[in-house]
2 protein chains.
Amino acid sequence: MSLPHPGPGEPIDVRPLGPRLGAAASTALFRTDDVEVMRLVLPKGKSVPEHHVEGEMTLQCLEGTVDVQTGDQAQRLSAGEMLYLYGHTPYSLSALEDASLLMTMLRKGENSKDDD
Amino acid sequence: MSLPHPGPGEPIDVRPLGPRLGAAASTALFRTDDVEVMRLVLPKGKSVPEHHVEGEMTLQCLEGTVDVQTGDQAQRLSAGEMLYLYGHTPYSLSALEDASLLMTMLRKGENSKDDD
């Protein structure tokens with residue numbers, strides 16, 4: 001992800017990609033010491049296998065529909081819905097329709113050092 | 001704000017309010033030790049005077065249009081645009097159209113104690 005990232009106060013486009021979704025890739029939108037925000041693109045039928053991140057996160061469905069599995073709990077997220085997960089929560093995603101999601105991940109102190 | 005807050009993994013509706021916007025109030029969506037998320041409702045012509053918060057924040061315009069002033073910099077945010085601000089950044093808002101915004105505020109250790 002070598003695109004220049006927006007600075008604080010600069011508008012970032014998080015509208016649905018619509019017809020451009022099929023050719024789009026997941027994109028890091030910005031990262032600071034404390035938070036990392038990306039747009040995850042997940043085509044219909046694709047999955048993100050179970051994993052977890054250190055910090056809390058929010059997942060906001062910008063378009064399409066995804067199933068979010070956390071342990072034995074499954075939730076369906078459609079465009080305009082969000083949820084949050086505590087840090088270290090194992091979760092997986094699968095797209096029922098072409099989807100894009102806004103992921104906001106809180107970076108813990110140990111991550112800030114590990115990732116750079 | 002005495003409504004029961006959603007738990008982790010529970011879908012939260014952040015779609016535009018549309019015709020319900022005029023009668024809506026700002027709402028705390030959820031709060032954990034690390035993050036607080038609210039929907040700010042700002043009718044056309046209304047402002048939020050300059051202030052700052054301790055932690056970093058993101059502001060995402062869900063509907064309408066707002067001007068975001070930070071120091072001598074002004075940015076216009078329309079539906080589907082977001083920006084981030086570092087902690088302690090003074091900012092003010094004014095609505096050019098009836099608007100609602102998703103505010104995600106990182107809570108610092110000192111806030112977690114002060115606010116409760």
# chains A, B, ... in the order shown; residues from 1 in each chain; ligands from 1

$ interface_residues --of "chain B" --to "chain A" --cutoff "8 Å" --atoms "only C-alpha atoms" --output "number ranges by chain"
B: 7-16, 34, 56, 70, 75-77, 79-86

$ write_last_selection --atoms "C-alpha atoms" --output "CSV table (one decimal), in the first residue's frame"
chain,number,residue,atom,x,y,z
B,7,GLY,CA,-23.0,-5.7,23.1
B,8,PRO,CA,-20.0,-6.8,21.0
B,9,GLY,CA,-21.0,-8.5,17.8
B,10,GLU,CA,-24.5,-7.0,17.7
B,11,PRO,CA,-25.5,-5.1,14.6
B,12,ILE,CA,-26.0,-1.3,15.0
B,13,ASP,CA,-28.0,0.7,12.5
B,14,VAL,CA,-26.0,3.6,11.1
B,15,ARG,CA,-27.9,4.1,7.9
B,16,PRO,CA,-29.0,7.7,7.1
B,34,ASP,CA,-11.1,2.1,24.7
B,56,GLU,CA,-7.9,10.6,18.3
B,70,THR,CA,-9.7,23.0,12.6
B,75,GLN,CA,-13.1,21.1,5.2
B,76,ARG,CA,-16.5,20.3,3.8
B,77,LEU,CA,-17.7,16.8,4.5
B,79,ALA,CA,-22.4,12.0,2.9
B,80,GLY,CA,-19.8,9.2,2.5
B,81,GLU,CA,-16.8,11.1,3.5
B,82,MET,CA,-14.8,10.9,6.7
B,83,LEU,CA,-11.7,12.4,8.3
B,84,TYR,CA,-9.6,11.9,11.3
B,85,LEU,CA,-8.2,14.3,13.9
B,86,TYR,CA,-5.4,13.8,16.4

$ closest_residue --among "A:His88, A:Ala23, A:His5, A:Ala28" --to "Val53 (chain A)" --atoms "only C-alpha atoms"
A:His88

$ select_by_dssp --residues "chain B" --states "strand (DSSP E)" --output "ChimeraX atom specification"
/B:12-13,27-31,35-42,47-51,57-63,65-70,73-78,81-85,91-95,99-106

$ write_last_selection --atoms "C-alpha atoms" --output "PDB file, in the first residue's frame"
ATOM      1  CA  ILE B  12     -25.983  -1.347  15.013  1.00  0.00           C
ATOM      2  CA  ASP B  13     -27.961   0.674  12.490  1.00  0.00           C
ATOM      3  CA  THR B  27     -27.298   9.252  20.300  1.00  0.00           C
ATOM      4  CA  ALA B  28     -24.515   7.351  22.048  1.00  0.00           C
ATOM      5  CA  LEU B  29     -24.255   4.065  20.153  1.00  0.00           C
ATOM      6  CA  PHE B  30     -21.844   2.245  22.461  1.00  0.00           C
ATOM      7  CA  ARG B  31     -18.880   2.807  24.727  1.00  0.00           C
ATOM      8  CA  VAL B  35     -13.618   3.679  22.351  1.00  0.00           C
ATOM      9  CA  GLU B  36     -16.866   5.633  22.268  1.00  0.00           C
ATOM     10  CA  VAL B  37     -19.095   5.831  19.202  1.00  0.00           C
ATOM     11  CA  MET B  38     -22.024   8.180  18.736  1.00  0.00           C
ATOM     12  CA  ARG B  39     -24.296   9.482  16.025  1.00  0.00           C
ATOM     13  CA  LEU B  40     -24.266  13.253  16.094  1.00  0.00           C
ATOM     14  CA  VAL B  41     -27.380  14.898  14.633  1.00  0.00           C
ATOM     15  CA  LEU B  42     -26.808  18.460  13.427  1.00  0.00           C
ATOM     16  CA  SER B  47     -23.028  24.483  15.019  1.00  0.00           C
ATOM     17  CA  VAL B  48     -20.850  22.707  17.531  1.00  0.00           C
ATOM     18  CA  PRO B  49     -18.544  25.367  19.003  1.00  0.00           C
ATOM     19  CA  GLU B  50     -14.804  24.834  19.022  1.00  0.00           C
ATOM     20  CA  HIS B  51     -13.628  22.269  21.537  1.00  0.00           C
ATOM     21  CA  MET B  57     -11.273  10.618  16.564  1.00  0.00           C
ATOM     22  CA  THR B  58     -12.847   9.934  13.201  1.00  0.00           C
ATOM     23  CA  LEU B  59     -15.833  11.836  11.852  1.00  0.00           C
ATOM     24  CA  GLN B  60     -17.861  10.194   9.110  1.00  0.00           C
ATOM     25  CA  CYS B  61     -20.687  12.077   7.430  1.00  0.00           C
ATOM     26  CA  LEU B  62     -23.661   9.720   7.099  1.00  0.00           C
ATOM     27  CA  GLU B  63     -25.978  12.246   5.435  1.00  0.00           C
ATOM     28  CA  THR B  65     -23.135  18.307   4.575  1.00  0.00           C
ATOM     29  CA  VAL B  66     -21.035  19.830   7.360  1.00  0.00           C
ATOM     30  CA  ASP B  67     -18.090  22.172   7.515  1.00  0.00           C
ATOM     31  CA  VAL B  68     -15.323  21.041   9.846  1.00  0.00           C
ATOM     32  CA  GLN B  69     -13.048  23.833  11.041  1.00  0.00           C
ATOM     33  CA  THR B  70      -9.699  22.965  12.645  1.00  0.00           C
ATOM     34  CA  GLN B  73      -8.264  24.922   8.024  1.00  0.00           C
ATOM     35  CA  ALA B  74     -11.840  24.258   6.869  1.00  0.00           C
ATOM     36  CA  GLN B  75     -13.065  21.111   5.172  1.00  0.00           C
ATOM     37  CA  ARG B  76     -16.467  20.288   3.797  1.00  0.00           C
ATOM     38  CA  LEU B  77     -17.709  16.758   4.496  1.00  0.00           C
ATOM     39  CA  SER B  78     -20.573  15.292   2.498  1.00  0.00           C
ATOM     40  CA  GLU B  81     -16.765  11.147   3.474  1.00  0.00           C
ATOM     41  CA  MET B  82     -14.759  10.886   6.683  1.00  0.00           C
ATOM     42  CA  LEU B  83     -11.698  12.439   8.265  1.00  0.00           C
ATOM     43  CA  TYR B  84      -9.572  11.859  11.331  1.00  0.00           C
ATOM     44  CA  LEU B  85      -8.203  14.260  13.898  1.00  0.00           C
ATOM     45  CA  TYR B  91     -12.389  21.727  16.013  1.00  0.00           C
ATOM     46  CA  SER B  92     -15.837  23.095  15.350  1.00  0.00           C
ATOM     47  CA  LEU B  93     -18.688  21.917  13.129  1.00  0.00           C
ATOM     48  CA  SER B  94     -21.466  23.661  11.276  1.00  0.00           C
ATOM     49  CA  ALA B  95     -24.206  22.028   9.218  1.00  0.00           C
ATOM     50  CA  ALA B  99     -26.749  16.123   8.756  1.00  0.00           C
ATOM     51  CA  SER B 100     -25.830  13.141  10.860  1.00  0.00           C
ATOM     52  CA  LEU B 101     -22.291  12.017  11.589  1.00  0.00           C
ATOM     53  CA  LEU B 102     -20.709   8.918  13.028  1.00  0.00           C
ATOM     54  CA  MET B 103     -18.130   9.975  15.616  1.00  0.00           C
ATOM     55  CA  THR B 104     -15.599   7.386  16.801  1.00  0.00           C
ATOM     56  CA  MET B 105     -13.555   8.667  19.721  1.00  0.00           C
ATOM     57  CA  LEU B 106     -10.592   6.840  21.203  1.00  0.00           C
TER      58      LEU B 106
END

$ select_by_dssp --residues "chain A" --states "alpha helix (DSSP H)" --output "PyMOL selection string"
chain A and resi 109-115

$ write_last_selection --atoms "all heavy atoms" --output "PDB file, in the first residue's frame"
ATOM      1  N   GLY A 109      -0.194  -0.564  22.186  1.00  0.00           N
ATOM      2  CA  GLY A 109       1.211  -0.168  22.224  1.00  0.00           C
ATOM      3  C   GLY A 109       2.139  -1.189  21.598  1.00  0.00           C
ATOM      4  O   GLY A 109       3.037  -0.834  20.832  1.00  0.00           O
ATOM      5  N   GLU A 110       1.897  -2.473  21.849  1.00  0.00           N
ATOM      6  CA  GLU A 110       2.795  -3.498  21.316  1.00  0.00           C
ATOM      7  C   GLU A 110       2.706  -3.562  19.793  1.00  0.00           C
ATOM      8  O   GLU A 110       3.686  -3.809  19.114  1.00  0.00           O
ATOM      9  CB  GLU A 110       2.518  -4.868  21.920  1.00  0.00           C
ATOM     10  CG  GLU A 110       1.125  -5.439  21.729  1.00  0.00           C
ATOM     11  CD  GLU A 110       0.136  -4.951  22.787  1.00  0.00           C
ATOM     12  OE1 GLU A 110       0.375  -3.873  23.374  1.00  0.00           O
ATOM     13  OE2 GLU A 110      -0.861  -5.641  23.020  1.00  0.00           O
ATOM     14  N   ASN A 111       1.513  -3.285  19.231  1.00  0.00           N
ATOM     15  CA  ASN A 111       1.367  -3.288  17.779  1.00  0.00           C
ATOM     16  C   ASN A 111       2.127  -2.149  17.139  1.00  0.00           C
ATOM     17  O   ASN A 111       2.740  -2.296  16.092  1.00  0.00           O
ATOM     18  CB  ASN A 111      -0.100  -3.126  17.379  1.00  0.00           C
ATOM     19  CG  ASN A 111      -0.868  -4.418  17.493  1.00  0.00           C
ATOM     20  OD1 ASN A 111      -0.263  -5.424  17.862  1.00  0.00           O
ATOM     21  ND2 ASN A 111      -2.124  -4.393  17.205  1.00  0.00           N
ATOM     22  N   SER A 112       2.039  -0.983  17.751  1.00  0.00           N
ATOM     23  CA  SER A 112       2.679   0.184  17.160  1.00  0.00           C
ATOM     24  C   SER A 112       4.152  -0.109  16.915  1.00  0.00           C
ATOM     25  O   SER A 112       4.726   0.336  15.942  1.00  0.00           O
ATOM     26  CB  SER A 112       2.550   1.375  18.104  1.00  0.00           C
ATOM     27  OG  SER A 112       1.204   1.557  18.460  1.00  0.00           O
ATOM     28  N   LYS A 113       4.743  -0.880  17.819  1.00  0.00           N
ATOM     29  CA  LYS A 113       6.165  -1.208  17.637  1.00  0.00           C
ATOM     30  C   LYS A 113       6.340  -2.359  16.654  1.00  0.00           C
ATOM     31  O   LYS A 113       7.178  -2.302  15.785  1.00  0.00           O
ATOM     32  CB  LYS A 113       6.782  -1.578  18.985  1.00  0.00           C
ATOM     33  CG  LYS A 113       6.734  -0.428  19.961  1.00  0.00           C
ATOM     34  CD  LYS A 113       7.572  -0.700  21.186  1.00  0.00           C
ATOM     35  CE  LYS A 113       7.369   0.369  22.239  1.00  0.00           C
ATOM     36  NZ  LYS A 113       6.178   0.099  23.058  1.00  0.00           N
ATOM     37  N   ASP A 114       5.495  -3.398  16.774  1.00  0.00           N
ATOM     38  CA  ASP A 114       5.682  -4.587  15.936  1.00  0.00           C
ATOM     39  C   ASP A 114       5.482  -4.292  14.464  1.00  0.00           C
ATOM     40  O   ASP A 114       6.145  -4.864  13.621  1.00  0.00           O
ATOM     41  CB  ASP A 114       4.707  -5.685  16.354  1.00  0.00           C
ATOM     42  CG  ASP A 114       5.054  -6.251  17.698  1.00  0.00           C
ATOM     43  OD1 ASP A 114       6.181  -6.006  18.169  1.00  0.00           O
ATOM     44  OD2 ASP A 114       4.213  -6.928  18.284  1.00  0.00           O
ATOM     45  N   ASP A 115       4.524  -3.424  14.165  1.00  0.00           N
ATOM     46  CA  ASP A 115       4.107  -3.268  12.772  1.00  0.00           C
ATOM     47  C   ASP A 115       5.059  -2.398  11.957  1.00  0.00           C
ATOM     48  O   ASP A 115       5.032  -2.466  10.748  1.00  0.00           O
ATOM     49  CB  ASP A 115       2.714  -2.640  12.700  1.00  0.00           C
ATOM     50  CG  ASP A 115       1.672  -3.623  13.188  1.00  0.00           C
ATOM     51  OD1 ASP A 115       2.027  -4.784  13.463  1.00  0.00           O
ATOM     52  OD2 ASP A 115       0.514  -3.237  13.300  1.00  0.00           O
TER      53      ASP A 115
END

$ decode --residues "region 57-87 of chain A" --atoms "N, CA and C atoms" --output "short mmCIF file (atom, residue, chain, number, x, y, z; two decimals), in the first residue's frame"
data_model
loop_
_atom_site.label_atom_id
_atom_site.label_comp_id
_atom_site.auth_asym_id
_atom_site.auth_seq_id
_atom_site.Cartn_x
_atom_site.Cartn_y
_atom_site.Cartn_z
N MET A 57 -12.07 -3.31 17.63
CA MET A 57 -12.29 -2.90 16.25
C MET A 57 -13.77 -2.66 16.01
N THR A 58 -14.06 -1.84 15.02
CA THR A 58 -15.43 -1.74 14.51
C THR A 58 -15.41 -2.15 13.05
N LEU A 59 -16.50 -2.76 12.63
CA LEU A 59 -16.70 -3.22 11.26
C LEU A 59 -18.00 -2.59 10.78
N GLN A 60 -17.91 -1.80 9.73
CA GLN A 60 -19.10 -1.14 9.20
C GLN A 60 -19.29 -1.56 7.76
N CYS A 61 -20.44 -2.12 7.46
CA CYS A 61 -20.71 -2.58 6.10
C CYS A 61 -21.10 -1.37 5.24
N LEU A 62 -20.30 -1.08 4.22
CA LEU A 62 -20.57 0.06 3.35
C LEU A 62 -21.49 -0.31 2.19
N GLU A 63 -21.41 -1.57 1.77
CA GLU A 63 -22.26 -2.06 0.68
C GLU A 63 -22.21 -3.59 0.71
N GLY A 64 -23.26 -4.21 0.16
CA GLY A 64 -23.32 -5.66 0.13
C GLY A 64 -23.75 -6.26 1.46
N THR A 65 -23.50 -7.54 1.63
CA THR A 65 -23.90 -8.26 2.84
C THR A 65 -22.81 -9.25 3.22
N VAL A 66 -22.45 -9.26 4.49
CA VAL A 66 -21.45 -10.22 4.98
C VAL A 66 -21.97 -10.91 6.23
N ASP A 67 -21.54 -12.15 6.41
CA ASP A 67 -21.75 -12.83 7.68
C ASP A 67 -20.49 -12.69 8.52
N VAL A 68 -20.68 -12.34 9.77
CA VAL A 68 -19.57 -12.19 10.71
C VAL A 68 -19.73 -13.28 11.76
N GLN A 69 -18.75 -14.18 11.83
CA GLN A 69 -18.82 -15.30 12.78
C GLN A 69 -17.83 -15.03 13.91
N THR A 70 -18.32 -15.04 15.13
CA THR A 70 -17.44 -14.89 16.30
C THR A 70 -17.74 -16.04 17.24
N GLY A 71 -16.82 -17.02 17.30
CA GLY A 71 -17.10 -18.22 18.08
C GLY A 71 -18.34 -18.89 17.52
N ASP A 72 -19.33 -19.15 18.36
CA ASP A 72 -20.54 -19.82 17.88
C ASP A 72 -21.67 -18.83 17.56
N GLN A 73 -21.33 -17.55 17.50
CA GLN A 73 -22.31 -16.52 17.19
C GLN A 73 -22.10 -16.03 15.76
N ALA A 74 -23.19 -15.94 14.99
CA ALA A 74 -23.10 -15.41 13.63
C ALA A 74 -24.04 -14.22 13.50
N GLN A 75 -23.57 -13.18 12.85
CA GLN A 75 -24.39 -12.01 12.60
C GLN A 75 -24.29 -11.64 11.13
N ARG A 76 -25.38 -11.22 10.58
CA ARG A 76 -25.40 -10.74 9.20
C ARG A 76 -25.36 -9.22 9.22
N LEU A 77 -24.42 -8.66 8.49
CA LEU A 77 -24.29 -7.20 8.38
C LEU A 77 -24.62 -6.77 6.96
N SER A 78 -25.57 -5.87 6.83
CA SER A 78 -25.90 -5.30 5.53
C SER A 78 -25.44 -3.84 5.49
N ALA A 79 -25.49 -3.26 4.30
CA ALA A 79 -25.03 -1.88 4.13
C ALA A 79 -25.68 -0.97 5.16
N GLY A 80 -24.87 -0.20 5.87
CA GLY A 80 -25.38 0.73 6.86
C GLY A 80 -25.48 0.14 8.26
N GLU A 81 -24.92 -1.06 8.44
CA GLU A 81 -24.87 -1.63 9.79
C GLU A 81 -23.40 -1.79 10.20
N MET A 82 -23.18 -1.68 11.51
CA MET A 82 -21.83 -1.86 12.04
C MET A 82 -21.90 -2.72 13.29
N LEU A 83 -20.75 -3.18 13.73
CA LEU A 83 -20.65 -3.84 15.03
C LEU A 83 -19.25 -3.59 15.57
N TYR A 84 -19.08 -3.87 16.86
CA TYR A 84 -17.73 -3.77 17.42
C TYR A 84 -17.35 -5.10 18.05
N LEU A 85 -16.06 -5.31 18.13
CA LEU A 85 -15.52 -6.53 18.75
C LEU A 85 -14.41 -6.12 19.71
N TYR A 86 -14.36 -6.77 20.86
CA TYR A 86 -13.24 -6.55 21.77
C TYR A 86 -11.95 -7.11 21.18
N GLY A 87 -10.85 -6.61 21.65
CA GLY A 87 -9.56 -7.13 21.20
C GLY A 87 -9.47 -8.63 21.48
#
